[in-house]
file start-v4.txt (compact mmCIF, C-alpha atoms)
# COMPACT_ATOMS: atom_id res chain seq x y z
CA MET A 1 113.00 114.47 83.29
CA SER A 2 110.22 116.61 84.65
CA LEU A 3 106.79 115.72 85.95
CA LYS A 4 104.21 117.10 83.57
CA VAL A 5 100.52 117.29 84.30
CA THR A 6 98.19 118.47 81.56
CA ASP A 7 94.48 119.28 81.68
CA LEU A 8 93.85 116.98 84.61
CA SER A 9 90.34 116.37 85.90
CA ILE A 10 89.87 114.34 89.03
CA ALA A 11 86.99 112.99 91.08
CA ARG A 12 86.55 111.99 94.68
CA GLY A 13 83.95 109.33 95.36
CA GLY A 14 82.58 109.76 91.84
CA VAL A 15 82.09 113.54 92.19
CA PRO A 16 84.40 115.72 90.06
CA VAL A 17 86.40 118.04 92.34
CA LEU A 18 89.07 119.66 90.18
CA GLU A 19 89.36 120.21 86.45
CA GLY A 20 91.88 121.66 84.05
CA VAL A 21 94.80 121.36 86.44
CA ALA A 22 98.12 121.76 84.64
CA PHE A 23 101.66 122.21 85.88
CA THR A 24 105.19 121.20 85.11
CA LEU A 25 107.58 120.26 87.87
CA ALA A 26 111.16 120.38 86.65
CA ASP A 27 114.04 118.63 88.40
CA GLY A 28 115.39 120.66 91.28
CA CYS A 29 112.13 122.55 91.74
CA ALA A 30 109.36 122.44 94.31
CA LEU A 31 105.70 123.23 93.86
CA ILE A 32 103.44 124.10 96.77
CA LEU A 33 99.73 123.31 96.41
CA ARG A 34 97.31 125.56 98.20
CA GLY A 35 93.55 125.72 98.38
CA PRO A 36 90.75 125.54 100.91
CA ASN A 37 89.85 122.32 102.75
CA GLY A 38 87.98 119.82 100.65
CA ILE A 39 88.99 121.37 97.34
CA GLY A 40 90.72 118.13 96.28
CA LYS A 41 94.42 118.58 97.08
CA THR A 42 94.71 115.09 98.55
CA THR A 43 92.82 113.62 95.60
CA LEU A 44 95.14 115.45 93.23
CA LEU A 45 98.23 114.10 95.02
CA ARG A 46 96.81 110.56 95.09
CA THR A 47 96.13 110.80 91.36
CA VAL A 48 99.66 112.01 90.65
CA ALA A 49 101.00 109.18 92.82
CA GLY A 50 99.04 106.72 90.67
CA LEU A 51 96.67 105.54 93.37
CA GLN A 52 93.62 106.53 91.40
CA PRO A 53 92.98 107.14 87.73
CA PRO A 54 92.21 110.68 86.47
CA LEU A 55 88.88 111.43 84.82
CA LYS A 56 90.68 113.22 82.05
CA GLY A 57 94.13 114.50 81.23
CA ALA A 58 97.60 113.08 81.42
CA ILE A 59 100.43 112.73 83.91
CA GLU A 60 103.86 112.23 82.40
CA GLY A 61 107.10 111.35 84.11
CA ALA A 62 105.51 109.87 87.22
CA GLU A 63 106.07 106.19 86.53
CA ASP A 64 108.32 104.63 89.20
CA ARG A 65 109.74 108.02 90.16
CA ILE A 66 107.37 109.04 92.92
CA ALA A 67 107.65 108.66 96.66
CA TYR A 68 104.29 109.41 98.26
CA ALA A 69 103.70 110.58 101.83
CA ALA A 70 100.08 110.52 102.89
CA HIS A 71 98.27 111.73 106.02
CA ALA A 72 99.05 108.36 107.63
CA ASP A 73 102.70 107.47 108.08
CA GLY A 74 102.37 103.72 107.52
CA LEU A 75 104.32 102.86 110.66
CA LYS A 76 104.01 99.61 112.55
CA PRO A 77 103.72 100.27 116.29
CA THR A 78 105.38 96.99 117.31
CA LEU A 79 108.47 97.56 115.17
CA THR A 80 111.27 99.84 116.31
CA VAL A 81 112.10 103.10 114.55
CA ALA A 82 115.10 101.51 112.86
CA GLU A 83 113.10 98.43 111.80
CA ASN A 84 110.34 100.54 110.29
CA LEU A 85 112.82 102.57 108.30
CA THR A 86 114.91 99.56 107.26
CA PHE A 87 111.79 97.89 105.93
CA TRP A 88 110.95 100.78 103.63
CA ALA A 89 114.60 101.11 102.63
CA SER A 90 114.71 97.51 101.47
CA VAL A 91 111.34 97.72 99.72
CA PHE A 92 112.73 100.60 97.69
CA GLY A 93 116.09 98.89 97.11
CA ALA A 94 118.27 98.89 100.23
CA ARG A 95 119.93 102.16 101.09
CA GLY A 96 121.44 103.03 104.41
CA ILE A 97 119.05 104.50 106.94
CA ASP A 98 121.68 106.44 108.92
CA ALA A 99 121.49 109.60 106.86
CA ALA A 100 117.71 109.62 107.13
CA LEU A 101 117.84 109.09 110.90
CA ALA A 102 120.35 111.92 111.22
CA ALA A 103 118.33 114.32 109.07
CA TYR A 104 115.38 114.14 111.46
CA GLN A 105 117.44 113.62 114.63
CA LEU A 106 115.96 110.18 115.21
CA GLU A 107 119.14 108.37 116.34
CA PRO A 108 118.31 108.60 120.08
CA LEU A 109 114.92 107.01 119.32
CA LYS A 110 116.33 104.31 117.05
CA ASP A 111 115.46 101.34 119.25
CA ARG A 112 112.19 102.69 120.55
CA HIS A 113 108.98 101.01 119.34
CA ALA A 114 107.14 103.26 116.92
CA GLY A 115 103.99 102.83 119.00
CA ASN A 116 105.66 104.69 121.88
CA LEU A 117 106.56 107.77 119.85
CA SER A 118 104.75 111.08 120.09
CA ALA A 119 102.71 112.31 117.12
CA GLY A 120 105.48 114.67 116.02
CA GLN A 121 108.15 111.98 116.33
CA LYS A 122 106.00 109.59 114.29
CA ARG A 123 105.64 112.21 111.61
CA ARG A 124 109.41 112.77 111.60
CA LEU A 125 109.88 109.04 111.09
CA GLY A 126 107.28 109.10 108.31
CA LEU A 127 109.17 111.94 106.62
CA ALA A 128 112.51 110.17 107.10
CA ARG A 129 111.00 107.36 105.01
CA MET A 130 111.08 109.68 101.98
CA LEU A 131 114.86 109.95 102.28
CA VAL A 132 115.39 106.18 102.08
CA THR A 133 113.20 105.67 99.02
CA GLY A 134 115.74 107.18 96.65
CA ARG A 135 112.86 108.33 94.44
CA PRO A 136 113.35 111.68 92.67
CA VAL A 137 109.82 113.08 92.96
CA TRP A 138 108.41 113.60 96.44
CA VAL A 139 104.64 113.92 96.61
CA MET A 140 103.65 115.01 100.11
CA ASP A 141 100.29 115.66 101.69
CA GLU A 142 100.40 118.12 104.62
CA PRO A 143 103.85 116.94 105.73
CA THR A 144 104.18 119.40 108.61
CA VAL A 145 101.11 118.32 110.58
CA SER A 146 102.01 117.91 114.29
CA LEU A 147 105.60 119.05 113.74
CA ASP A 148 107.11 121.71 116.00
CA LYS A 149 109.12 124.66 114.69
CA GLU A 150 112.47 122.86 114.82
CA ALA A 151 111.10 119.79 113.08
CA VAL A 152 109.60 121.98 110.35
CA ALA A 153 113.07 123.44 109.85
CA MET A 154 114.53 119.91 109.64
CA PHE A 155 111.90 119.08 107.03
CA ALA A 156 112.64 122.24 105.03
CA ASP A 157 116.34 121.38 105.13
CA ALA A 158 115.63 117.84 103.94
CA VAL A 159 113.56 119.16 101.04
CA ARG A 160 116.26 121.71 100.17
CA GLY A 161 118.86 118.93 100.15
CA HIS A 162 116.62 116.80 97.98
CA LEU A 163 116.12 119.64 95.48
CA ALA A 164 119.86 120.36 95.42
CA ASN A 165 120.43 116.72 94.46
CA GLY A 166 118.22 117.17 91.41
CA GLY A 167 115.04 115.89 93.00
CA SER A 168 111.70 117.64 92.95
CA ALA A 169 108.82 117.96 95.38
CA LEU A 170 105.08 118.49 95.14
CA ILE A 171 103.81 119.55 98.55
CA ALA A 172 100.33 120.39 99.77
CA THR A 173 100.78 122.61 102.79
CA HIS A 174 99.48 125.79 104.37
CA ILE A 175 102.54 126.91 106.27
CA ASP A 176 105.49 128.80 104.87
CA LEU A 177 108.44 126.43 104.61
CA GLY A 178 110.86 129.14 103.49
CA LEU A 179 111.48 127.23 100.30
CA ASP A 180 112.20 128.84 97.00
CA ALA A 181 109.12 127.29 95.44
CA GLU A 182 106.33 128.10 93.07
CA VAL A 183 102.83 128.14 94.49
CA LEU A 184 99.83 126.66 92.72
CA ASP A 185 96.44 127.66 94.07
CA VAL A 186 94.00 124.97 92.97
CA GLY A 187 90.98 127.03 94.07
CA PRO A 188 90.25 128.42 90.57
CA HIS A 189 90.26 124.88 89.17
CA LYS A 190 87.28 123.79 91.22
CA ALA A 191 85.04 121.59 89.06
CA LYS A 192 81.79 123.19 88.05
CA PRO A 193 78.67 121.23 88.89
CA ALA A 194 77.34 119.24 85.96
CA ALA A 195 75.07 121.36 83.76
CA LEU A 196 71.38 120.64 83.94
CA ASP A 197 70.04 118.85 80.90
CA ASP A 198 66.48 118.43 79.67
CA PHE A 199 65.90 115.41 81.84
CA ASP A 200 66.87 117.33 84.97
CA GLY A 201 64.66 120.23 83.87
CA ASP A 202 61.66 117.93 83.47
CA PHE A 203 62.39 116.29 86.76
CA LEU A 204 62.61 119.58 88.62
CA MET B 1 109.80 90.93 98.71
CA ILE B 2 111.84 89.17 101.36
CA ALA B 3 111.70 92.35 103.42
CA LEU B 4 107.89 92.39 103.30
CA LEU B 5 107.70 88.71 104.24
CA MET B 6 110.10 89.17 107.14
CA ARG B 7 108.20 92.24 108.33
CA ASP B 8 104.88 90.42 108.27
CA LEU B 9 106.32 87.43 110.12
CA LYS B 10 107.91 89.71 112.70
CA LEU B 11 104.65 91.60 113.19
CA ALA B 12 102.74 88.35 113.60
CA LEU B 13 105.15 87.03 116.20
CA ARG B 14 105.39 90.22 118.28
CA ALA B 15 102.94 91.11 121.00
CA GLY B 16 99.44 91.66 119.69
CA GLY B 17 100.30 90.20 116.30
CA GLY B 18 97.63 87.52 116.50
CA PHE B 19 99.95 84.57 115.98
CA GLY B 20 98.53 81.62 117.86
CA LEU B 21 94.94 82.84 117.65
CA GLY B 22 94.07 80.34 114.93
CA LEU B 23 96.05 77.62 116.63
CA ALA B 24 94.29 78.21 119.96
CA PHE B 25 90.90 78.15 118.23
CA PHE B 26 91.80 74.87 116.49
CA LEU B 27 92.87 73.39 119.82
CA ILE B 28 89.68 74.50 121.56
CA VAL B 29 87.43 73.03 118.85
CA THR B 30 89.15 69.66 118.81
CA VAL B 31 89.36 69.44 122.57
CA LEU B 32 85.67 70.25 123.00
CA VAL B 33 84.30 67.96 120.27
CA PRO B 34 84.78 64.74 122.31
CA PHE B 35 82.90 66.35 125.19
CA SER B 36 79.96 67.34 123.03
CA VAL B 37 79.82 64.14 120.98
CA GLY B 38 80.39 61.77 123.88
CA PRO B 39 83.07 59.20 124.65
CA GLN B 40 82.34 56.84 121.77
CA SER B 41 85.75 56.21 120.25
CA ALA B 42 84.38 54.51 117.12
CA LEU B 43 82.15 57.48 116.30
CA LEU B 44 84.90 59.98 117.10
CA GLY B 45 87.34 58.17 114.84
CA LYS B 46 84.76 58.29 112.05
CA ILE B 47 84.12 62.03 112.28
CA ALA B 48 87.72 63.00 113.16
CA PRO B 49 88.92 63.88 109.61
CA GLY B 50 85.90 66.10 109.00
CA VAL B 51 86.10 67.81 112.38
CA LEU B 52 89.82 68.44 112.03
CA TRP B 53 89.41 69.90 108.58
CA LEU B 54 86.50 72.09 109.61
CA GLY B 55 88.41 73.29 112.67
CA ALA B 56 91.44 74.15 110.56
CA LEU B 57 89.28 76.02 108.04
CA LEU B 58 87.50 78.10 110.66
CA ALA B 59 90.79 78.82 112.44
CA CYS B 60 92.13 80.09 109.13
CA LEU B 61 89.06 82.26 108.62
CA LEU B 62 89.48 83.85 112.04
CA SER B 63 92.64 85.77 111.17
CA LEU B 64 91.65 86.91 107.67
CA ASP B 65 90.12 90.26 108.62
CA ARG B 66 93.48 91.47 109.93
CA LEU B 67 95.36 90.36 106.85
CA LEU B 68 95.10 93.61 104.88
CA ALA B 69 92.97 95.74 107.20
CA LEU B 70 95.88 96.62 109.51
CA ASP B 71 98.02 97.81 106.61
CA TRP B 72 95.05 99.76 105.30
CA GLU B 73 94.40 101.51 108.60
CA ASP B 74 97.94 102.73 109.19
CA GLY B 75 98.37 103.81 105.58
CA SER B 76 101.12 101.38 104.65
CA LEU B 77 98.94 99.76 101.98
CA ASP B 78 98.86 103.07 100.07
CA LEU B 79 102.61 103.36 100.44
CA LEU B 80 103.13 99.75 99.33
CA ALA B 81 100.95 100.40 96.30
CA THR B 82 103.28 103.24 95.25
CA ALA B 83 106.41 101.18 96.00
CA PRO B 84 108.39 99.40 93.27
CA LEU B 85 106.86 96.06 94.30
CA PRO B 86 103.94 95.10 92.03
CA LEU B 87 100.68 94.76 93.97
CA GLU B 88 100.39 91.17 92.72
CA SER B 89 103.54 90.16 94.54
CA THR B 90 102.55 92.19 97.60
CA VAL B 91 99.33 90.19 97.99
CA THR B 92 101.15 86.93 97.25
CA ILE B 93 103.67 87.67 99.98
CA LYS B 94 100.86 88.64 102.34
CA ALA B 95 99.12 85.32 101.62
CA LEU B 96 102.40 83.45 102.12
CA ALA B 97 102.99 85.19 105.45
CA HIS B 98 99.43 84.32 106.48
CA TRP B 99 100.00 80.69 105.57
CA LEU B 100 103.31 80.54 107.45
CA THR B 101 101.80 82.04 110.60
CA THR B 102 98.37 80.38 110.46
CA GLY B 103 98.21 77.48 107.98
CA LEU B 104 101.53 75.81 108.72
CA PRO B 105 101.06 75.71 112.53
CA LEU B 106 97.64 74.13 111.92
CA VAL B 107 99.19 71.47 109.68
CA LEU B 108 101.78 70.69 112.35
CA ALA B 109 99.26 70.63 115.19
CA ALA B 110 96.68 68.50 113.36
CA PRO B 111 98.29 65.07 113.96
CA VAL B 112 98.66 65.83 117.68
CA LEU B 113 95.03 66.86 117.91
CA GLY B 114 94.07 63.81 115.83
CA VAL B 115 94.98 61.69 118.85
CA LEU B 116 92.32 63.48 120.89
CA LEU B 117 89.71 62.50 118.32
CA ASN B 118 90.90 58.90 118.02
CA LEU B 119 91.84 59.30 114.35
CA PRO B 120 92.61 55.84 112.89
CA GLY B 121 96.30 55.08 112.30
CA PRO B 122 96.54 55.36 108.48
CA GLY B 123 94.68 58.68 108.62
CA TYR B 124 97.55 60.72 110.09
CA LEU B 125 99.65 60.76 106.94
CA TRP B 126 96.72 61.74 104.72
CA LEU B 127 95.44 64.31 107.17
CA VAL B 128 98.81 66.09 107.12
CA VAL B 129 99.15 65.73 103.35
CA SER B 130 95.66 67.08 102.69
CA LEU B 131 96.12 70.02 105.06
CA LEU B 132 99.52 70.75 103.58
CA LEU B 133 97.98 70.86 100.12
CA GLY B 134 94.76 72.61 101.11
CA THR B 135 95.75 75.33 103.58
CA PRO B 136 97.72 77.39 101.00
CA ALA B 137 94.49 77.60 98.98
CA LEU B 138 92.66 78.78 102.12
CA SER B 139 95.24 81.56 102.61
CA VAL B 140 95.17 82.69 98.99
CA ILE B 141 91.36 82.65 98.75
CA GLY B 142 91.21 84.44 102.09
CA THR B 143 93.57 87.14 100.83
CA PHE B 144 91.24 87.67 97.89
CA GLY B 145 88.34 88.10 100.31
CA ALA B 146 90.39 90.48 102.45
CA ALA B 147 91.26 92.53 99.36
CA LEU B 148 87.56 92.72 98.43
CA THR B 149 86.55 94.02 101.85
CA VAL B 150 89.54 96.22 102.68
CA GLY B 151 88.47 99.68 103.74
CA LEU B 152 85.05 98.59 104.93
CA LYS B 153 84.34 99.25 108.57
CA ARG B 154 83.71 95.95 110.36
CA GLY B 155 84.29 94.16 107.07
CA GLY B 156 84.88 90.87 108.89
CA LEU B 157 81.29 89.71 108.60
CA LEU B 158 81.11 90.41 104.89
CA LEU B 159 84.52 88.81 104.47
CA SER B 160 83.36 85.56 106.09
CA LEU B 161 80.20 85.47 104.00
CA LEU B 162 82.17 86.08 100.79
CA VAL B 163 84.92 83.62 101.55
CA LEU B 164 82.93 80.70 102.98
CA PRO B 165 81.39 79.55 99.66
CA LEU B 166 84.82 79.80 98.04
CA TYR B 167 86.19 77.57 100.79
CA VAL B 168 83.62 74.81 100.21
CA PRO B 169 85.43 72.91 97.40
CA THR B 170 88.69 72.93 99.34
CA LEU B 171 86.88 71.64 102.42
CA ILE B 172 85.03 68.91 100.53
CA PHE B 173 88.07 67.48 98.80
CA GLY B 174 90.47 68.08 101.70
CA ALA B 175 88.23 66.33 104.21
CA GLU B 176 87.56 63.59 101.65
CA VAL B 177 91.28 62.87 101.29
CA ALA B 178 91.63 62.65 105.08
CA ARG B 179 88.51 60.49 105.45
CA ARG B 180 89.43 58.05 102.68
CA GLY B 181 92.96 57.89 104.02
CA ALA B 182 91.71 57.10 107.51
CA GLU B 183 89.40 54.37 106.23
CA GLY B 184 92.07 52.89 103.98
CA PHE B 185 90.46 53.69 100.63
CA ALA B 186 92.20 55.08 97.53
CA VAL B 187 92.75 58.82 97.91
CA GLN B 188 93.98 59.62 94.42
CA MET B 189 90.88 61.34 93.03
CA PRO B 190 90.15 63.83 95.84
CA LEU B 191 93.87 64.37 96.29
CA LEU B 192 94.23 65.43 92.66
CA MET B 193 91.17 67.65 92.92
CA LEU B 194 92.55 69.29 96.07
CA ALA B 195 95.95 69.84 94.47
CA GLY B 196 94.20 71.27 91.41
CA ILE B 197 92.18 73.72 93.49
CA SER B 198 95.30 74.86 95.33
CA ALA B 199 97.36 75.23 92.18
CA ALA B 200 94.63 77.16 90.38
CA SER B 201 94.01 79.48 93.36
CA ILE B 202 97.69 80.22 93.80
CA ALA B 203 98.13 80.86 90.08
CA LEU B 204 95.07 83.02 89.44
CA LEU B 205 93.85 84.69 92.62
CA PRO B 206 96.84 87.00 93.27
CA PHE B 207 95.95 88.81 90.03
CA ALA B 208 92.31 89.09 91.07
CA SER B 209 93.30 90.26 94.57
CA ALA B 210 95.64 92.92 93.19
CA ALA B 211 92.95 94.11 90.77
CA VAL B 212 90.27 94.54 93.45
CA LEU B 213 92.82 96.12 95.78
CA ARG B 214 93.62 98.75 93.14
CA VAL B 215 89.91 99.54 92.89
CA ASN B 216 89.52 99.64 96.67
CA LEU B 217 92.48 101.97 97.18
CA ARG B 218 90.99 104.68 94.98
call {"tool": "encode", "arguments": {"input": "start-v4.txt", "output": "structure tokens"}}
result
Amino acid sequence: MSLKVTDLSIARGGVPVLEGVAFTLADGCALILRGPNGIGKTTLLRTVAGLQPPLKGAIEGAEDRIAYAAHADGLKPTLTVAENLTFWASVFGARGIDAALAAYQLEPLKDRHAGNLSAGQKRRLGLARMLVTGRPVWVMDEPTVSLDKEAVAMFADAVRGHLANGGSALIATHIDLGLDAEVLDVGPHKAKPAALDDFDGDFL
Amino acid sequence: MIALLMRDLKLALRAGGGFGLGLAFFLIVTVLVPFSVGPQSALLGKIAPGVLWLGALLACLLSLDRLLALDWEDGSLDLLATAPLPLESTVTIKALAHWLTTGLPLVLAAPVLGVLLNLPGPGYLWLVVSLLLGTPALSVIGTFGAALTVGLKRGGLLLSLLVLPLYVPTLIFGAEVARRGAEGFAVQMPLLMLAGISAASIALLPFASAAVLRVNLR
């Protein structure tokens, strides 16, 4: 089952930002979103994740299949790395966290409080959360922020593994992950400002 | 659901979790009232049910602004909203965790603090019963207020103003049960009203809280 987005228009704070966005994300595929800052990539991802309703258009195949990773990692500083991950694992239906810890080399930090981690380590923990959700569609917003080169490679490996298992990923990022992925530039879909009508003309 | 409840309880109990804040406030209020009112045991006994109820209500109010705001700030509210758990049960669990860490300790502390205010003998039972029935409503109504103001910077002030009028019926009937109990009158009518308010809040408000939360997360 693929994620299908047709003729999607979205707004941020009531102002339309993107219109006519359409793509299909088949199982085993990844799609990279690109576009300048403020174009509406985050808003698009939040809409696909179901956090906000679209102005127009349809999203199919998203219901209960999406794991969303936002700018914030949703970590609790007073819980340990293992406790944070175990919590999300049990919210999404109890899977082991060992594989996820191993994928991002977090075992040595397992019993450390998340509040004592560096920014990059926090991000790695946030990304490890995606592995314990067991959801097939990963929707990720700038996942490589504050990651070093090695951690980016770990992330790319994790995504590759996910795709090989029949999952799919929708990623907004500006760096080259070395993935065999399609690229969607949302720049051309920028919403045009509302046309002036007679009332505006009179007013001006 | 259990996982969310356990996480919230763990967070509340760990350093900086705010557990004990409400309890300490409740203690301070009841300890200071005799000093401000004066050592007249008859008067103290008369106002004790009202003071204890008011103290418990304000103590409850004190911790509300952290109820959803912390999860909002670190992004876990967004992640919870995309999790398999319906938002209705998320807010119910949040309210339950708030009650367990704030309401229940108040209920347990109230009879001890009643001694300080010279609460008449028959009043203890009804004070505990009324708080036990009323504090869940305070938590659920408070969660609704927290959902309304989540995402607002310094939303605590607005939260208090929104929630206080909603707390009034609970306070009136809760304090009335405790007062009538202490004076040896029949408590049935206010007790039923209090139970009704609690039952209705618990049944209806989670849906309202989840609905406003969905709007606020956009």
call {"tool": "interface_residues", "arguments": {"input": "start-v4.txt", "of": "chain A", "to": "chain B", "cutoff": "7 Å", "atoms": "only C-alpha atoms", "output": "PyMOL selection string"}}
result
chain A and resi 49+51-52+64+68+72-75+78+87+90-92
call {"tool": "write_last_selection", "arguments": {"input": "start-v4.txt", "atoms": "C-alpha atoms", "output": "PDB file, keeping the file's coordinate frame"}}
result
ATOM      1  CA  ALA A  49     101.000 109.180  92.820  1.00  0.00           C
ATOM      2  CA  LEU A  51      96.670 105.540  93.370  1.00  0.00           C
ATOM      3  CA  GLN A  52      93.620 106.530  91.400  1.00  0.00           C
ATOM      4  CA  ASP A  64     108.320 104.630  89.200  1.00  0.00           C
ATOM      5  CA  TYR A  68     104.290 109.410  98.260  1.00  0.00           C
ATOM      6  CA  ALA A  72      99.050 108.360 107.630  1.00  0.00           C
ATOM      7  CA  ASP A  73     102.700 107.470 108.080  1.00  0.00           C
ATOM      8  CA  GLY A  74     102.370 103.720 107.520  1.00  0.00           C
ATOM      9  CA  LEU A  75     104.320 102.860 110.660  1.00  0.00           C
ATOM     10  CA  THR A  78     105.380  96.990 117.310  1.00  0.00           C
ATOM     11  CA  PHE A  87     111.790  97.890 105.930  1.00  0.00           C
ATOM     12  CA  SER A  90     114.710  97.510 101.470  1.00  0.00           C
ATOM     13  CA  VAL A  91     111.340  97.720  99.720  1.00  0.00           C
ATOM     14  CA  PHE A  92     112.730 100.600  97.690  1.00  0.00           C
TER      15      PHE A  92
END
call {"tool": "residues_near_point", "arguments": {"input": "start-v4.txt", "point": "(86.9, 118.5, 101.9)", "cutoff": "12 Å", "atoms": "only C-alpha atoms", "output": "list in words"}}
result
Arg12, Gly13, Val15, Val17, Leu18, Gly35, Pro36, Asn37, Gly38, Ile39, Gly40, Lys41, Thr42, Thr43 and Lys190 of chain A
call {"tool": "residues_around", "arguments": {"input": "start-v4.txt", "residues": "stretch 110-113 of chain A", "least_positions_apart": "4", "cutoff": "7 Å", "atoms": "all atoms listed in the file", "output": "PyMOL selection string"}}
result
chain A and resi 77-82+106
call {"tool": "write_last_selection", "arguments": {"input": "start-v4.txt", "atoms": "C-alpha atoms", "output": "PDB file, in the frame of the given file"}}
result
ATOM      1  CA  PRO A  77     103.720 100.270 116.290  1.00  0.00           C
ATOM      2  CA  THR A  78     105.380  96.990 117.310  1.00  0.00           C
ATOM      3  CA  LEU A  79     108.470  97.560 115.170  1.00  0.00           C
ATOM      4  CA  THR A  80     111.270  99.840 116.310  1.00  0.00           C
ATOM      5  CA  VAL A  81     112.100 103.100 114.550  1.00  0.00           C
ATOM      6  CA  ALA A  82     115.100 101.510 112.860  1.00  0.00           C
ATOM      7  CA  LEU A 106     115.960 110.180 115.210  1.00  0.00           C
TER       8      LEU A 106
END
call {"tool": "closest_residue", "arguments": {"input": "start-v4.txt", "among": "A:Gly61, A:Gly134, A:Gly115, A:Gly166", "to": "A:Ile97", "atoms": "only C-alpha atoms"}}
result
A:Gly134
call {"tool": "atom_distance", "arguments": {"input": "start-v4.txt", "atom1": "atom CA of B:Leu192", "atom2": "atom CA of B:Ala175"}}
result
13.0 Å
call {"tool": "closest_residue", "arguments": {"input": "start-v4.txt", "among": "B:Ser63, B:Leu131, B:Pro206, B:Val51", "to": "B:Ile93", "atoms": "only C-alpha atoms"}}
result
B:Pro206
call {"tool": "closest_residue", "arguments": {"input": "start-v4.txt", "among": "B:Tyr124, B:Phe144, B:Trp53, B:Phe25", "to": "B:Asp65", "atoms": "only C-alpha atoms"}}
result
B:Phe144
call {"tool": "atom_distance", "arguments": {"input": "start-v4.txt", "atom1": "atom CA of A:Val145", "atom2": "atom CA of A:Leu33"}}
result
15.1 Å
call {"tool": "atom_distance", "arguments": {"input": "start-v4.txt", "atom1": "atom CA of A:Asn116", "atom2": "atom CA of A:Leu85"}}
result
15.5 Å
call {"tool": "residues_around", "arguments": {"input": "start-v4.txt", "residues": "A:Ser168", "least_positions_apart": "5", "cutoff": "8 Å", "atoms": "only C-alpha atoms", "output": "compact mmCIF listing (two decimals) with C-alpha atoms, keeping the file's coordinate frame"}}
result
# COMPACT_ATOMS: atom_id res chain seq x y z
CA LEU A 25 107.58 120.26 87.87
CA ALA A 26 111.16 120.38 86.65
CA ASP A 27 114.04 118.63 88.40
CA GLY A 28 115.39 120.66 91.28
CA CYS A 29 112.13 122.55 91.74
CA ALA A 30 109.36 122.44 94.31
CA PRO A 136 113.35 111.68 92.67
CA VAL A 137 109.82 113.08 92.96
CA TRP A 138 108.41 113.60 96.44
CA HIS A 162 116.62 116.80 97.98
CA LEU A 163 116.12 119.64 95.48
call {"tool": "closest_residue", "arguments": {"input": "start-v4.txt", "among": "A:Ala89, A:Leu127, A:Val139, A:Val132", "to": "A:Gly50", "atoms": "only C-alpha atoms"}}
result
A:Val139
call {"tool": "residues_around", "arguments": {"input": "start-v4.txt", "residues": "stretch 148-151 of chain A", "least_positions_apart": "6", "cutoff": "12 Å", "atoms": "only C-alpha atoms", "output": "list in words"}}
result
Ala103, Tyr104, Gln105, Leu106, Ser118, Ala119, Gly120, Gln121, Lys122, Arg123, Arg124, Leu125, Leu127, Ala128, Asp157, Ala158, Ile175, Asp176 and Leu177 of chain A
call {"tool": "closest_residue", "arguments": {"input": "start-v4.txt", "among": "B:Lys46, B:Ala186, B:Val91, B:Leu119", "to": "B:Leu204", "atoms": "all atoms listed in the file"}}
result
B:Val91
call {"tool": "residues_around", "arguments": {"input": "start-v4.txt", "residues": "stretch 188-190 of chain B", "least_positions_apart": "4", "cutoff": "10 Å", "atoms": "all atoms listed in the file", "output": "list in words"}}
result
Ser130, Thr170, Ile172, Phe173, Gly174, Ala175, Glu176, Val177, Ala178, Arg180, Gly181, Leu194, Ala195 and Gly196 of chain B
